[in-house]
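For reference, data_11.csv (CSV, C-alpha atoms):
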chain,number,residue,atom,x,y,z
K,1,MET,CA,-80.0,94.3,-0.9
K,2,THR,CA,-82.6,91.8,-1.8
K,3,HIS,CA,-82.1,88.7,-3.9
K,4,ASP,CA,-84.6,87.1,-6.3
K,5,SER,CA,-85.6,83.7,-5.0
K,6,THR,CA,-84.6,82.2,-8.4
K,7,ASP,CA,-81.1,83.8,-8.4
K,8,PRO,CA,-78.7,80.8,-8.9
K,9,GLN,CA,-76.1,82.2,-6.4
K,10,GLN,CA,-78.7,82.7,-3.7
K,11,ILE,CA,-80.0,79.2,-4.3
K,12,LEU,CA,-76.5,77.8,-3.8
K,13,ALA,CA,-76.1,79.9,-0.7
K,14,ASN,CA,-79.3,78.5,0.7
K,15,MET,CA,-78.1,75.0,0.1
K,16,ALA,CA,-74.6,75.5,1.6
K,17,TYR,CA,-75.6,73.9,4.9
K,18,LEU,CA,-75.7,70.5,3.2
K,19,THR,CA,-71.9,70.5,2.9
K,20,LYS,CA,-70.6,73.1,5.3
K,21,ASP,CA,-69.5,70.6,7.9
K,22,TYR,CA,-68.3,67.9,5.5
K,23,LEU,CA,-65.5,68.8,3.0
K,24,PRO,CA,-67.1,72.0,1.8
K,25,GLU,CA,-64.5,73.0,-0.8
K,26,ALA,CA,-63.3,69.5,-1.7
K,27,THR,CA,-62.9,68.5,-5.4
K,28,TRP,CA,-63.9,65.0,-6.6
K,29,THR,CA,-62.7,62.5,-9.2
K,30,VAL,CA,-65.1,59.7,-10.0
K,31,ASP,CA,-63.6,56.6,-11.5
K,32,GLY,CA,-65.1,54.2,-14.0
K,33,ILE,CA,-66.0,56.4,-17.0
K,34,PHE,CA,-65.0,53.8,-19.6
K,35,ARG,CA,-67.0,51.0,-17.8
K,36,PHE,CA,-70.0,52.9,-16.6
K,37,GLU,CA,-70.1,55.9,-18.9
K,38,LYS,CA,-73.9,56.3,-19.1
K,39,GLY,CA,-74.5,56.2,-15.4
K,40,ILE,CA,-71.6,58.5,-14.4
K,41,GLN,CA,-72.6,61.0,-17.1
K,42,SER,CA,-76.2,61.0,-15.8
K,43,ILE,CA,-75.2,61.5,-12.2
K,44,SER,CA,-72.8,64.3,-13.2
K,45,GLN,CA,-75.5,66.1,-15.1
K,46,PHE,CA,-77.9,65.7,-12.2
K,47,LEU,CA,-75.5,67.1,-9.7
K,48,THR,CA,-74.5,70.0,-12.0
K,49,ASN,CA,-77.9,71.0,-13.2
K,50,LEU,CA,-80.1,70.3,-10.2
K,51,ILE,CA,-77.9,70.3,-7.1
K,52,GLY,CA,-75.0,72.6,-7.8
K,53,ILE,CA,-73.2,72.4,-4.4
K,54,ARG,CA,-71.4,69.2,-5.4
K,55,GLY,CA,-70.1,68.0,-8.7
K,56,PHE,CA,-67.3,66.1,-10.4
K,57,SER,CA,-64.1,67.9,-11.1
K,58,ARG,CA,-62.6,65.0,-13.1
K,59,MET,CA,-63.6,61.6,-14.3
K,60,SER,CA,-61.1,58.7,-14.6
K,61,GLY,CA,-61.1,55.2,-15.9
K,62,SER,CA,-58.9,52.4,-17.2
K,63,ILE,CA,-59.2,50.5,-20.4
K,64,ALA,CA,-58.0,46.9,-20.9
K,65,THR,CA,-54.4,47.1,-22.0
K,66,LEU,CA,-51.1,45.5,-20.9
K,67,TRP,CA,-50.6,48.5,-18.6
K,68,SER,CA,-53.9,48.1,-16.7
K,69,LEU,CA,-55.6,45.6,-14.4
K,70,ASP,CA,-59.1,44.1,-14.0
K,71,TRP,CA,-60.2,42.9,-10.5
K,72,PHE,CA,-62.9,40.5,-11.7
K,73,VAL,CA,-63.1,39.5,-15.3
K,74,GLN,CA,-60.8,40.6,-18.2
K,75,GLU,CA,-62.6,43.4,-19.9
K,76,ARG,CA,-62.5,43.9,-23.7
K,77,PRO,CA,-60.5,46.8,-25.2
K,78,ILE,CA,-62.8,49.5,-26.5
K,79,THR,CA,-62.7,50.9,-30.1
K,80,HIS,CA,-60.9,54.2,-30.7
K,81,ASP,CA,-64.2,55.6,-32.0
K,82,LYS,CA,-66.0,55.0,-28.8
K,83,TYR,CA,-63.0,56.2,-26.7
K,84,ILE,CA,-62.9,59.5,-28.7
K,85,ARG,CA,-66.6,60.0,-28.3
K,86,ILE,CA,-66.3,59.7,-24.5
K,87,LEU,CA,-63.4,62.1,-24.5
K,88,LYS,CA,-65.4,64.6,-26.5
K,89,ASP,CA,-68.5,64.3,-24.4
K,90,CYS,CA,-66.6,64.9,-21.2
K,91,ALA,CA,-64.8,67.9,-22.7
K,92,ALA,CA,-68.2,69.3,-23.8
K,93,ASN,CA,-69.3,69.1,-20.1
K,94,ASP,CA,-66.0,70.7,-19.0
K,95,LYS,CA,-64.7,67.6,-17.3
K,96,GLY,CA,-61.1,66.5,-17.3
K,97,ILE,CA,-60.4,62.9,-18.1
K,98,THR,CA,-57.7,60.9,-16.3
K,99,LEU,CA,-56.7,57.7,-18.2
K,100,VAL,CA,-55.6,55.2,-15.7
K,101,PHE,CA,-52.8,52.6,-16.1
K,102,ASP,CA,-52.9,50.8,-12.8
K,103,ASN,CA,-50.6,47.8,-13.4
K,104,PRO,CA,-47.5,48.3,-11.3
K,105,PHE,CA,-45.8,45.2,-12.8
K,106,VAL,CA,-45.4,46.1,-16.4
K,107,THR,CA,-42.4,44.4,-18.0
K,108,SER,CA,-39.8,46.0,-20.2
K,109,GLU,CA,-41.3,44.2,-23.3
K,110,GLU,CA,-44.7,45.5,-22.4
K,111,LEU,CA,-43.6,49.1,-22.4
K,112,ASN,CA,-43.9,49.2,-26.1
K,113,ASP,CA,-47.7,48.4,-26.1
K,114,ASN,CA,-48.9,50.3,-29.1
K,115,TYR,CA,-52.6,50.2,-28.0
K,116,SER,CA,-51.7,52.0,-24.7
K,117,LEU,CA,-49.7,54.6,-26.6
K,118,SER,CA,-52.5,55.1,-29.1
K,119,LEU,CA,-54.9,55.8,-26.3
K,120,ILE,CA,-52.6,58.5,-24.9
K,121,HIS,CA,-52.2,60.0,-28.4
K,122,HIS,CA,-56.0,60.5,-28.6
K,123,LEU,CA,-56.1,61.7,-25.0
K,124,CYS,CA,-53.7,64.5,-26.0
K,125,THR,CA,-55.4,65.2,-29.4
K,126,HIS,CA,-58.9,65.5,-27.9
K,127,ASN,CA,-58.1,67.7,-25.0
K,128,GLU,CA,-60.0,70.9,-25.7
K,129,ASN,CA,-60.2,72.0,-22.1
K,130,LYS,CA,-56.5,71.1,-21.4
K,131,ARG,CA,-57.5,69.1,-18.4
K,132,ASN,CA,-56.7,65.5,-19.5
K,133,ALA,CA,-54.0,63.5,-17.7
K,134,VAL,CA,-52.7,60.0,-17.2
K,135,CYS,CA,-52.3,58.1,-13.9
K,136,VAL,CA,-49.7,55.4,-13.7
K,137,ALA,CA,-48.6,52.8,-11.2
K,138,ASN,CA,-45.2,52.1,-12.7
K,139,ASP,CA,-42.3,54.6,-12.9
K,140,LYS,CA,-41.0,53.1,-16.2
K,141,VAL,CA,-44.4,53.6,-17.7
K,142,ALA,CA,-44.3,57.2,-16.6
K,143,GLU,CA,-40.9,57.6,-18.3
K,144,LYS,CA,-42.2,56.0,-21.5
K,145,ILE,CA,-45.2,58.3,-21.6
K,146,HIS,CA,-43.2,61.4,-20.9
K,147,SER,CA,-40.7,60.6,-23.7
K,148,HIS,CA,-43.6,60.3,-26.2
K,149,PHE,CA,-46.0,62.8,-24.8
K,150,PRO,CA,-44.2,65.4,-22.7
K,151,GLN,CA,-47.2,67.7,-22.7
K,152,ILE,CA,-49.5,65.3,-20.8
K,153,PRO,CA,-49.7,65.6,-17.0
K,154,ILE,CA,-48.8,62.4,-15.2
K,155,PHE,CA,-50.3,61.4,-11.8
K,156,CYS,CA,-49.1,58.6,-9.5
K,157,HIS,CA,-51.6,55.8,-8.9
K,158,PRO,CA,-51.9,54.1,-5.4
K,159,ASN,CA,-50.8,50.8,-6.9
K,160,ARG,CA,-47.4,52.3,-7.2
K,161,LEU,CA,-47.4,52.4,-3.4
K,162,VAL,CA,-48.9,48.9,-3.2
K,163,ALA,CA,-45.9,47.6,-5.2
K,164,GLU,CA,-43.4,49.4,-3.1
K,165,GLU,CA,-41.0,46.8,-1.5
K,166,GLY,CA,-39.7,49.2,1.1
K,167,LYS,CA,-41.4,50.9,4.0
K,168,ARG,CA,-43.9,53.6,3.0
K,169,THR,CA,-43.0,56.9,4.6
K,170,ALA,CA,-43.7,60.5,4.4
K,171,ALA,CA,-40.3,61.0,2.8
K,172,LEU,CA,-41.3,58.5,0.0
K,173,TYR,CA,-44.5,60.4,-0.7
K,174,ASN,CA,-42.6,63.7,-0.8
K,175,LYS,CA,-40.1,62.2,-3.3
K,176,LEU,CA,-42.9,60.9,-5.5
K,177,ALA,CA,-44.6,64.4,-5.4
K,178,SER,CA,-41.4,65.7,-7.0
K,179,GLN,CA,-41.7,63.2,-9.8
K,180,TYR,CA,-45.4,63.3,-10.4
K,181,LEU,CA,-47.9,66.2,-10.7
K,182,ARG,CA,-50.2,64.5,-8.3
K,183,VAL,CA,-49.9,61.5,-6.0
K,184,THR,CA,-52.6,59.3,-4.6
K,185,LEU,CA,-52.0,57.8,-1.2
K,186,HIS,CA,-52.1,54.1,-0.6
K,187,PRO,CA,-55.6,53.7,0.9
K,188,ALA,CA,-54.2,52.2,4.1
K,189,ASP,CA,-52.0,55.3,4.7
K,190,ALA,CA,-54.8,57.8,4.7
K,191,THR,CA,-55.2,57.4,8.4
K,192,ARG,CA,-51.5,57.0,9.4
K,193,THR,CA,-50.7,60.1,11.3
K,194,ASN,CA,-46.9,59.6,10.9
K,195,ILE,CA,-47.3,59.8,7.2
K,196,ILE,CA,-50.0,62.4,6.9
K,197,ASP,CA,-48.3,64.9,9.2
K,198,GLY,CA,-45.0,64.5,7.2
K,199,ILE,CA,-46.4,65.3,3.8
K,200,GLU,CA,-45.2,68.7,2.7
K,201,LYS,CA,-47.7,69.7,0.1
K,202,PRO,CA,-51.1,68.0,0.9
K,203,GLU,CA,-52.7,70.0,-1.9
K,204,ASN,CA,-50.8,67.9,-4.4
K,205,PHE,CA,-52.2,64.6,-3.0
K,206,ASP,CA,-55.4,62.7,-3.7
K,207,ILE,CA,-57.3,60.5,-1.2
K,208,VAL,CA,-59.3,57.4,-2.2
K,209,ILE,CA,-62.3,57.6,0.0
K,210,ASN,CA,-64.1,54.3,-0.6
K,211,ASP,CA,-61.5,51.5,-0.9
K,212,PRO,CA,-63.0,48.3,0.5
K,213,CYS,CA,-59.8,46.4,1.0
K,214,LEU,CA,-58.7,45.6,4.5
K,215,ARG,CA,-56.6,48.3,6.3
K,216,ILE,CA,-54.2,45.6,7.5
K,217,CYS,CA,-53.5,43.2,4.6
K,218,SER,CA,-50.2,41.5,3.8
K,219,LEU,CA,-51.6,40.1,0.6
K,220,ARG,CA,-52.5,43.2,-1.5
K,221,ARG,CA,-49.1,43.2,-3.4
K,222,GLU,CA,-49.4,39.5,-4.1
K,223,HIS,CA,-53.0,40.2,-5.4
K,224,MET,CA,-51.7,42.8,-7.8
K,225,ARG,CA,-49.1,40.5,-9.1
K,226,LEU,CA,-51.7,37.8,-9.8
K,227,LEU,CA,-53.9,40.4,-11.6
K,228,ALA,CA,-51.0,41.4,-13.7
K,229,GLU,CA,-50.4,37.7,-14.6
K,230,MET,CA,-54.1,37.3,-15.4
K,231,ARG,CA,-53.9,40.2,-17.8
K,232,ARG,CA,-51.1,38.4,-19.7
K,233,HIS,CA,-52.8,35.0,-19.5
K,234,PRO,CA,-56.5,35.6,-19.3
K,235,TYR,CA,-57.5,32.0,-19.9
K,236,ASP,CA,-55.2,30.4,-17.3
K,237,MET,CA,-57.5,28.7,-14.9
K,238,ASP,CA,-54.7,28.0,-12.4
K,239,LEU,CA,-54.3,31.8,-12.0
K,240,MET,CA,-58.0,32.1,-11.3
K,241,ARG,CA,-57.7,29.4,-8.7
K,242,GLN,CA,-54.8,31.1,-7.1
K,243,ARG,CA,-56.7,34.4,-6.9
K,244,ALA,CA,-59.7,32.7,-5.2
K,245,ASN,CA,-57.4,31.0,-2.7
K,246,LEU,CA,-55.6,34.3,-1.9
K,247,ILE,CA,-58.9,36.2,-1.3
K,248,ALA,CA,-60.0,33.3,0.9
K,249,ARG,CA,-56.7,33.7,2.9
K,250,ALA,CA,-57.2,37.4,3.2
K,251,GLY,CA,-60.8,37.0,4.4
K,252,CYS,CA,-61.8,40.3,2.9
K,253,GLN,CA,-64.9,38.9,1.2
K,254,SER,CA,-65.9,36.7,4.1
K,255,ILE,CA,-68.4,38.8,6.1
K,256,ASP,CA,-69.5,37.6,9.5
K,257,PRO,CA,-72.4,39.9,10.6
K,258,GLY,CA,-71.7,39.0,14.2
K,259,GLN,CA,-68.1,40.3,14.0
K,260,LEU,CA,-68.5,43.5,12.0
K,261,HIS,CA,-66.6,46.4,13.3
K,262,GLN,CA,-65.8,49.9,12.1
K,263,LYS,CA,-62.5,50.7,10.4
K,264,ALA,CA,-61.7,47.2,9.3
K,265,SER,CA,-61.7,48.3,5.6
K,266,CYS,CA,-60.0,51.3,4.0
K,267,ASN,CA,-63.3,53.0,3.6
K,268,LEU,CA,-62.8,56.4,5.3
K,269,THR,CA,-65.3,57.4,8.0
K,270,ARG,CA,-66.6,60.9,7.8
K,271,GLN,CA,-64.5,62.0,10.7
K,272,GLU,CA,-61.4,60.6,9.1
K,273,ALA,CA,-62.2,62.4,5.8
K,274,CYS,CA,-62.8,65.6,7.7
K,275,THR,CA,-59.5,65.2,9.6
K,276,LEU,CA,-57.6,64.9,6.2
K,277,TYR,CA,-59.5,67.9,5.0
K,278,ASP,CA,-58.5,70.0,8.0
K,279,LYS,CA,-54.8,69.0,7.3
K,280,GLY,CA,-55.0,70.5,3.8
K,281,PHE,CA,-56.1,67.6,1.6
K,282,ARG,CA,-58.7,68.8,-0.8
K,283,HIS,CA,-59.0,66.2,-3.6
K,284,PHE,CA,-60.9,62.9,-3.1
K,285,ILE,CA,-61.3,60.0,-5.4
K,286,ILE,CA,-64.4,57.7,-5.6
K,287,GLN,CA,-62.9,54.4,-7.0
K,288,SER,CA,-64.9,52.0,-9.1
K,289,HIS,CA,-62.5,49.1,-10.1
K,290,GLN,CA,-63.5,47.0,-7.0
K,291,PHE,CA,-67.2,47.2,-7.8
K,292,ARG,CA,-68.7,44.6,-10.1
K,293,ASN,CA,-71.7,46.7,-11.2
K,294,GLU,CA,-72.7,50.2,-12.0
K,295,ILE,CA,-75.5,50.8,-9.5
K,296,THR,CA,-73.2,50.0,-6.6
K,297,LEU,CA,-70.8,52.8,-7.8
K,298,LEU,CA,-73.6,55.3,-8.5
K,299,TRP,CA,-75.1,54.8,-5.0
K,300,ASP,CA,-71.7,55.1,-3.4
K,301,ILE,CA,-71.1,58.4,-5.1
K,302,PHE,CA,-73.9,60.0,-3.0
K,303,GLN,CA,-72.7,58.2,0.2
K,304,CYS,CA,-69.2,59.6,-0.3
K,305,MET,CA,-70.1,63.2,-1.4
K,306,PHE,CA,-72.8,64.2,1.0
K,307,ASP,CA,-73.1,64.7,4.7
K,308,TYR,CA,-75.4,62.1,6.4
K,309,SER,CA,-75.4,63.7,9.9
K,310,PRO,CA,-78.7,62.9,11.6
K,311,GLU,CA,-80.1,66.4,11.4
K,312,ILE,CA,-79.7,66.6,7.6
K,313,SER,CA,-79.6,62.9,6.7
K,314,ASN,CA,-83.2,63.1,5.2
K,315,LYS,CA,-82.0,65.8,2.8
K,316,ALA,CA,-79.0,63.7,1.7
K,317,ALA,CA,-81.3,60.7,1.3
K,318,LEU,CA,-83.6,62.8,-0.9
K,319,ILE,CA,-80.8,63.9,-3.1
K,320,ALA,CA,-79.5,60.3,-3.5
K,321,SER,CA,-82.9,58.8,-4.2
K,322,SER,CA,-83.7,61.6,-6.7
K,323,GLY,CA,-80.4,61.0,-8.4
K,324,MET,CA,-80.9,57.3,-8.7
K,325,ALA,CA,-84.4,57.9,-10.1
K,326,GLU,CA,-82.8,59.3,-13.2
K,327,PHE,CA,-82.3,55.7,-14.2
K,328,GLY,CA,-85.1,53.7,-15.7
K,329,LYS,CA,-86.9,56.6,-17.2
K,330,PRO,CA,-88.8,55.9,-20.5
K,331,GLU,CA,-86.6,56.5,-23.6
K,332,PHE,CA,-87.7,57.3,-27.1
K,333,LYS,CA,-84.9,55.1,-28.5
K,334,LEU,CA,-85.1,51.3,-28.6
K,335,PRO,CA,-82.0,49.5,-27.4
K,336,SER,CA,-80.1,48.0,-30.3
K,337,GLY,CA,-77.0,45.9,-30.8
K,338,LEU,CA,-76.2,48.1,-33.8
K,339,ARG,CA,-75.3,51.2,-31.7
K,340,ASP,CA,-71.6,50.9,-32.3
K,341,PHE,CA,-72.0,50.4,-36.1
K,342,LYS,CA,-71.9,53.1,-38.8
K,343,PHE,CA,-73.8,53.0,-42.0
K,344,ASN,CA,-73.0,54.7,-45.2
K,345,ILE,CA,-75.9,55.4,-47.5
K,346,LEU,CA,-74.9,54.7,-51.1
K,347,GLU,CA,-76.4,57.0,-53.7
How does the structure come out when it is put into structure tokens?
Amino acid sequence: MTHDSTDPQQILANMAYLTKDYLPEATWTVDGIFRFEKGIQSISQFLTNLIGIRGFSRMSGSIATLWSLDWFVQERPITHDKYIRILKDCAANDKGITLVFDNPFVTSEELNDNYSLSLIHHLCTHNENKRNAVCVANDKVAEKIHSHFPQIPIFCHPNRLVAEEGKRTAALYNKLASQYLRVTLHPADATRTNIIDGIEKPENFDIVINDPCLRICSLRREHMRLLAEMRRHPYDMDLMRQRANLIARAGCQSIDPGQLHQKASCNLTRQEACTLYDKGFRHFIIQSHQFRNEITLLWDIFQCMFDYSPEISNKAALIASSGMAEFGKPEFKLPSGLRDFKFNILE
């Protein structure tokens, strides 16, 4: 039986070597859709239309609410109109959206945040492909959401594990897997054999592949507490000073080129990712909340999703450079500050 050289299935088969030794059947969530919508959508279309062997299964993102955190500056809430448009665009491209509430320190008073609840309402209403979900870092937030929107799937965010006061064990993860539809591992636990080997249903767990925090850090929980306070008091300069001092104590942003060594951060090596894959983990997350700008995330997408083994690294580099070349192309629309406005023409 012969195949036409333009047969899509044959083309995919010919390109299978690019991923056959690196997470061949993995599915991917890319974070940051509400911060970096244009870039993520462009890369998604590039991968779907021109590459085919890799693509996004799901997109996720957080919006500035009392239930979420910002690592750098306090973002502005977005309008419902813009939010709904993004939901519709993703549904049209057959992508699920995960709305992320990553604040593990939500107070009882903050559980009644109407803006957060309104976002979930629209997430449920504009869910044509039935793939939308929420991801939370607080069990009480999960209970609140379930009481109002029992139909929406709820995932467990890694910050839920960051805030855990007790020892993180495989038993804890298995317990959370009975409470949540999916559970994301604390990034530092992805290489802990005593935890990984004890997880009963790895297919229900997600792995953050590109977390830049230190693998051994005693200050991450304290950092999350500060970020939660900064959400409540965005103009408190003393909180900003405390955060700067804490980061200096951790040393995670002080890079000494002479002392660089592999595996200091929670970024997974390719071998570590493949080990997890061999143990049954199939879903990987490319996080964005610790990146200040869009281009860093978009470049990291290619570094995480493709095999850079020496014999095919030139092919992976070509795909990455071609994907990044999608940006900066001439457009037939002039940029305008009026993009988010609507005009009614009076007769």
Within 12 Å of range 189-195 of chain K, which residues of range 249-290 of chain K come that close, and what is the closest atom pair and distance in Å for each? Count all atoms listed in the file and give it as JSON lines.
{"residue": "K:Lys263", "atom": "CA", "partner": "K:Thr191", "partner_atom": "CA", "distance": 10.1}
{"residue": "K:Ser265", "atom": "CA", "partner": "K:Thr191", "partner_atom": "CA", "distance": 11.5}
{"residue": "K:Cys266", "atom": "CA", "partner": "K:Ala190", "partner_atom": "CA", "distance": 8.4}
{"residue": "K:Asn267", "atom": "CA", "partner": "K:Ala190", "partner_atom": "CA", "distance": 9.8}
{"residue": "K:Leu268", "atom": "CA", "partner": "K:Ala190", "partner_atom": "CA", "distance": 8.1}
{"residue": "K:Thr269", "atom": "CA", "partner": "K:Thr191", "partner_atom": "CA", "distance": 10.1}
{"residue": "K:Arg270", "atom": "CA", "partner": "K:Thr191", "partner_atom": "CA", "distance": 11.9}
{"residue": "K:Gln271", "atom": "CA", "partner": "K:Thr191", "partner_atom": "CA", "distance": 10.6}
{"residue": "K:Glu272", "atom": "CA", "partner": "K:Thr191", "partner_atom": "CA", "distance": 7.0}
{"residue": "K:Ala273", "atom": "CA", "partner": "K:Ala190", "partner_atom": "CA", "distance": 8.8}
{"residue": "K:Cys274", "atom": "CA", "partner": "K:Thr191", "partner_atom": "CA", "distance": 11.2}
{"residue": "K:Thr275", "atom": "CA", "partner": "K:Thr191", "partner_atom": "CA", "distance": 9.0}
{"residue": "K:Leu276", "atom": "CA", "partner": "K:Ala190", "partner_atom": "CA", "distance": 7.8}
{"residue": "K:Tyr277", "atom": "CA", "partner": "K:Ala190", "partner_atom": "CA", "distance": 11.1}
{"residue": "K:Lys279", "atom": "CA", "partner": "K:Thr193", "partner_atom": "CA", "distance": 10.6}
{"residue": "K:Phe281", "atom": "CA", "partner": "K:Ala190", "partner_atom": "CA", "distance": 10.4}
{"residue": "K:Phe284", "atom": "CA", "partner": "K:Ala190", "partner_atom": "CA", "distance": 11.1}
With 12 Å as the cut-off and all atoms listed in the file counted, what is the closest atom pair between each nearby residue of range 191-297 of chain K and range 68-92 of chain K? Distances in Å to one decimal, ordered by chain and number, as a Markdown table.
| residue | atom | partner | partner_atom | distance |
| --- | --- | --- | --- | --- |
| K:Arg220 | CA | K:Trp71 | CA | 11.8 |
| K:His223 | CA | K:Trp71 | CA | 9.2 |
| K:Met224 | CA | K:Leu69 | CA | 8.2 |
| K:Arg225 | CA | K:Leu69 | CA | 9.8 |
| K:Leu226 | CA | K:Leu69 | CA | 9.9 |
| K:Leu227 | CA | K:Leu69 | CA | 6.1 |
| K:Ala228 | CA | K:Leu69 | CA | 6.3 |
| K:Glu229 | CA | K:Leu69 | CA | 9.5 |
| K:Met230 | CA | K:Gln74 | CA | 8.0 |
| K:Arg231 | CA | K:Leu69 | CA | 6.6 |
| K:Arg232 | CA | K:Leu69 | CA | 10.0 |
| K:His233 | CA | K:Gln74 | CA | 9.9 |
| K:Pro234 | CA | K:Gln74 | CA | 6.7 |
| K:Tyr235 | CA | K:Gln74 | CA | 9.4 |
| K:Asp236 | CA | K:Gln74 | CA | 11.7 |
| K:Met240 | CA | K:Phe72 | CA | 9.7 |
| K:Arg243 | CA | K:Trp71 | CA | 9.9 |
| K:Ala244 | CA | K:Phe72 | CA | 10.6 |
| K:Ile247 | CA | K:Trp71 | CA | 11.5 |
| K:Ser288 | CA | K:Trp71 | CA | 10.3 |
| K:His289 | CA | K:Trp71 | CA | 6.6 |
| K:Gln290 | CA | K:Trp71 | CA | 6.3 |
| K:Phe291 | CA | K:Trp71 | CA | 8.6 |
| K:Arg292 | CA | K:Phe72 | CA | 7.3 |
| K:Asn293 | CA | K:Phe72 | CA | 10.8 |
**Request:** Would you mind telling me which residue in K:Phe46, K:Tyr17, K:Tyr22, K:Trp67 lies nearest to Glu110 in chain K when using only C-alpha atoms?
**Result:** K:Trp67
**Request:** Could you give me, as a ChimeraX atom specification, the residues within 8 Å of Phe149 in chain K, counting only C-alpha atoms and dropping anything in the same chain fewer than 2 positions from it?
**Result:** /K:120-121,124,145-147,151-152
**Request:** For Asp206 in chain K, please output as a VMD selection string all residues within 10 Å (counting only C-alpha atoms; exclusion window: fewer than 2 positions along the same chain).
**Result:** chain K and resid 27 to 29 155 to 158 182 to 186 190 202 to 204 208 to 209 281 to 285
**Asked** With all atoms listed in the file as the atoms that count, which of K:Asp139, K:Ile11, K:Thr107, K:Gln242 lies nearest to Ile51 in chain K?
**Response**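 Answer, going by the shortest atom-to-atom distance: K:Ile11.
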**Request:** Name the closest residue to Asn129 in chain K among the candidates K:Ile97, K:Ala142, K:Ala16, K:Ile295; distances are taken between atoms, counting all atoms listed in the file.
**Result:**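 Smallest distance to Asn129 in chain K is found for K:Ile97.
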**Request:** Find, counting all atoms listed in the file, the residue in K:Ala13, K:Ile63, K:Leu176, K:Cys252 that gets nearest to Phe34 in chain K.
**Result:** K:Ile63
**Request:** Can you pull out every residue within 8 Å of range 313-322 of chain K, counting all atoms listed in the file, but drop anything in the same chain fewer than 5 positions away, and send it as an MDAnalysis selection string?
**Result:** chainID K and resid 18 299 302 306:308
**Request:** May I ask which of the residues K:Glu326, K:Ala26, K:Pro153, K:Ala248 is the closest one to Lys130 in chain K, counting all atoms listed in the file?
**Result:**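 Smallest separation from Lys130 in chain K among the options: K:Pro153.
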**Asked** Could you state the separation of CA of Cys217 in chain K and CA of Thr169 in chain K in Å, given to one decimal place?
**Response**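 A separation of 17.3 Å between them.
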**One-decimal distance in Å that lies between CA of Val141 in chain K and CA of Leu99 in chain K** = 13.0 Å
**Message:** Considering all atoms listed in the file, can you say which of K:Gln45, K:Gln253, K:Asn245, K:Asn14 comes closest to Lys95 in chain K?
**Reply:**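 Closest to Lys95 in chain K of all the choices is K:Gln45.
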With N, CA and C atoms as the target, complete range 165-176 of chain K and hand it back as a compact mmCIF listing (two decimals), in the frame of the given file.
# COMPACT_ATOMS: atom_id res chain seq x y z
N GLU K 165 -41.62 47.90 -2.35
CA GLU K 165 -41.00 46.80 -1.50
C GLU K 165 -40.60 47.38 -0.15
N GLY K 166 -40.13 48.62 -0.13
CA GLY K 166 -39.70 49.20 1.10
C GLY K 166 -40.79 49.76 1.96
N LYS K 167 -40.42 50.35 3.07
CA LYS K 167 -41.40 50.90 4.00
C LYS K 167 -41.96 52.22 3.39
N ARG K 168 -43.26 52.36 3.46
CA ARG K 168 -43.90 53.60 3.00
C ARG K 168 -43.78 54.66 4.05
N THR K 169 -43.19 55.77 3.70
CA THR K 169 -43.00 56.90 4.60
C THR K 169 -43.38 58.17 4.02
N ALA K 170 -43.45 59.20 4.86
CA ALA K 170 -43.70 60.50 4.40
C ALA K 170 -42.64 60.98 3.38
N ALA K 171 -41.41 60.59 3.65
CA ALA K 171 -40.30 61.00 2.80
C ALA K 171 -40.50 60.34 1.36
N LEU K 172 -40.98 59.11 1.31
CA LEU K 172 -41.30 58.50 0.00
C LEU K 172 -42.34 59.24 -0.73
N TYR K 173 -43.39 59.62 -0.03
CA TYR K 173 -44.50 60.40 -0.70
C TYR K 173 -43.97 61.73 -1.18
N ASN K 174 -43.16 62.40 -0.39
CA ASN K 174 -42.60 63.70 -0.80
C ASN K 174 -41.72 63.54 -2.04
N LYS K 175 -40.99 62.44 -2.10
CA LYS K 175 -40.10 62.20 -3.30
C LYS K 175 -41.00 61.95 -4.50
N LEU K 176 -42.05 61.16 -4.36
CA LEU K 176 -42.90 60.90 -5.50
C LEU K 176 -43.62 62.21 -5.96
